[in-house]
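Asks: My questions will all concern the structure given below.
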Amino acid sequence: MELTPVTDLPEIRPGDDIATLVADRADLEAGDVLTVASTVVSKAEGRMADLEDYPVSGRAEEIANRLEGITGEEKDPRFAQAVLEESTELLIDAPFLLTETRFGHINVNAGIDRSNVPDHDILLLPKKPTESAERIRSGLEACGIEDIAVIVTDTCGRPFRHGQRGVALGWAGMSASRDWRGELDRDGHELGVTVQSVVDELASAANLVTGEGAGGTPAVVVRDWAFGDHAGSDELFRAVEDDLVRQALREWSFD
Ligand code: GDP
Ligand code: MN
Ligand code: MN
Ligand code: MN
């Protein structure tokens with residue numbers, strides 16, 4: 001398996017066609033996986049915003065004041081308002097904001113980014129990253145490049161461990177997971193629970209290549225990786241009924 005960054009991509013602007021920009025610069029072959037950092041997908045989709053766009057609700061004011069009291073750092077209630085507007089549920093409201101986005105991904109500050117955003121205060125995640133991935137995939141097809149799976153990624157923190165890593169937000173042209181259940185291990189025992197989230201694993205591998213700073217390499221071509229002969233599953237984000245950690249968070253509060 002080989003991962004190669006797409007080089008010489010420009011600063012991405014609203015309306016840019018990522019598929020064409022990549023097709024012009026990368027040597028893509030059928031069966032490759034293309035990962036694209038959500039940062040540039042968001043820029044192309046015009047998801048930049050300014051804090052002045054967010055009139056502050058009472059709840060945002062309350063959240064920001066409480067965070068300021070706890071952390072001793074200045075907190076802009078307009079930022080809290082932006083996080084609330086991008087979210088369907090606030091899971092942790094102190095000492096930081098952890099929310100579920102409208103497309104089911106859980107992240108600190110709804111994944112709103114303040115790095116790599118020229119001329120604007122903040123960058124929101126793509127509205128529907130799976131649709132973004134589908135658009136890039138069909139854009140590549142329109143350039144005559146068939147059968148490329150696309151994963152839209154983001155760098156995201158983890159519970160239980162220090163450090164961030166790449167995760168998949170949306171994907172097209174492949175299943176999210178390899179379902180090993182029913183397959184046998186080396187001792188002939190049937191696997192009962194293993195569903196391997198390959199889109200996340202590919203996103204993490206690609207994140208090693210994109211880096212986090214000024215590298216300018218948001219897109220990575222993954223070659224000679226094969227899904228193999230496994231059942232596929234497209235389930236990635238747990239529903240709350242199926243998520244004991246989230247259920248426990250609903251009962252928990254910081255004080
Ligand atoms: P995120 O993980 O989606 O939040 O993206 P990052 O901010 O970590 O950036 C991932 C990579 O994309 C880094 O190599 C950045 O330098 C690069 N990058 C970010 N914006 C642009 C852009 O507009 N154009 C190019 N060419 N690279 C960008
Ligand atoms: Mn970023
Ligand atoms: Mn990000
Ligand atoms: Mn990143």
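Scheme for the structure tokens: letters A, B, ... for chains in order shown; per-chain residue numbers from 1; ligand numbers from 1 in order shown.
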According to DSSP computed on the backbone, where in stretch 8-219 of chain A is there strand (DSSP E or B)? Give the residues as a count of residues only.
Replies: 47
Asks: If we count only C-alpha atoms, what is near stretch 22-25 of chain A at a cut-off of 8 Å, once residues fewer than 6 positions away on the same chain are taken out, given as a PyMOL selection string?
Replies: chain A and resi 6-9+140+143+145+219
Asks: Which residues sit within 8 Å of ligand 4, counting only C-alpha atoms and all ligand atoms, listed as a ChimeraX atom specification?
Replies: /A:37,39,154-156,165-166,207,210-213
Asks: Please produce a file of those selected residues containing C-alpha atoms, as a PDB file, in the first residue's frame.
Replies:
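So part_19.pdb came out as:
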```pdb
ATOM      1  CA  ALA A  37      -9.185  17.058   4.224  1.00  0.00           C
ATOM      2  CA  THR A  39     -10.814  21.930   5.511  1.00  0.00           C
ATOM      3  CA  ASP A 154     -10.873  15.669   9.620  1.00  0.00           C
ATOM      4  CA  THR A 155      -8.373  15.736  12.448  1.00  0.00           C
ATOM      5  CA  CYS A 156     -10.221  14.918  15.616  1.00  0.00           C
ATOM      6  CA  ARG A 165      -5.760  11.605  14.524  1.00  0.00           C
ATOM      7  CA  GLY A 166      -7.551  11.606  11.190  1.00  0.00           C
ATOM      8  CA  ASN A 207      -3.419  12.274   7.960  1.00  0.00           C
ATOM      9  CA  THR A 210      -1.276  15.654   4.998  1.00  0.00           C
ATOM     10  CA  GLY A 211       0.149  16.919   8.270  1.00  0.00           C
ATOM     11  CA  GLU A 212      -1.615  19.651  10.248  1.00  0.00           C
ATOM     12  CA  GLY A 213       0.153  22.861   9.424  1.00  0.00           C
TER      13      GLY A 213
END
```
Asks: Figure out the distance between atom CA of A:Ser197 and atom CA of A:Gly182, please, to one decimal in Å.
Replies: 16.5 Å
Asks: Check stretch 74-170 of chain A with DSSP on the backbone and list each residue it calls alpha helix (DSSP H), as a list in words.
Replies: Pro77, Arg78, Phe79, Ala80, Gln81, Ala82, Val83, Leu84, Glu85, Pro129, Thr130, Glu131, Ser132, Ala133, Glu134, Arg135, Ile136, Arg137, Ser138, Gly139, Leu140, Glu141 and Ala142 of chain A
Asks: Have a look at A:Leu28, A:Ala214, A:Ile63, A:Leu208 and name the one nearest to ligand 1; count only C-alpha atoms and all ligand atoms.
Replies: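 Distance minimum relative to ligand 1 lands on A:Ala214.
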Asks: Which residues form the shell of 6 Å around ligand 2 when you count only C-alpha atoms and all ligand atoms, given as a VMD selection string?
Replies: chain A and resid 39 113 115 to 116
Asks: Given the selection you just returned, output its residues as a file containing N, CA and C atoms, formatted as a CSV table (one decimal), in the first residue's frame.
Replies:
```
chain,number,residue,atom,x,y,z
A,39,THR,N,-11.1,20.5,5.6
A,39,THR,CA,-10.8,21.9,5.5
A,39,THR,C,-11.0,22.5,4.1
A,113,ASP,N,-13.2,25.1,12.9
A,113,ASP,CA,-11.7,25.2,12.8
A,113,ASP,C,-11.4,26.7,12.8
A,115,SER,N,-7.9,27.3,12.4
A,115,SER,CA,-6.6,27.3,11.7
A,115,SER,C,-6.8,27.1,10.2
A,116,ASN,N,-5.9,27.6,9.4
A,116,ASN,CA,-5.9,27.5,7.9
A,116,ASN,C,-7.2,28.1,7.4
```
Asks: Under the rule that only C-alpha atoms and all ligand atoms are counted, which of A:Arg59, A:Lys75, A:Arg114, A:Arg161 is the nearest residue to ligand 3?
Replies: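 Checking each of A:Arg59, A:Lys75, A:Arg114, A:Arg161 against ligand 3, counting only C-alpha atoms and all ligand atoms, the winner is A:Arg114.
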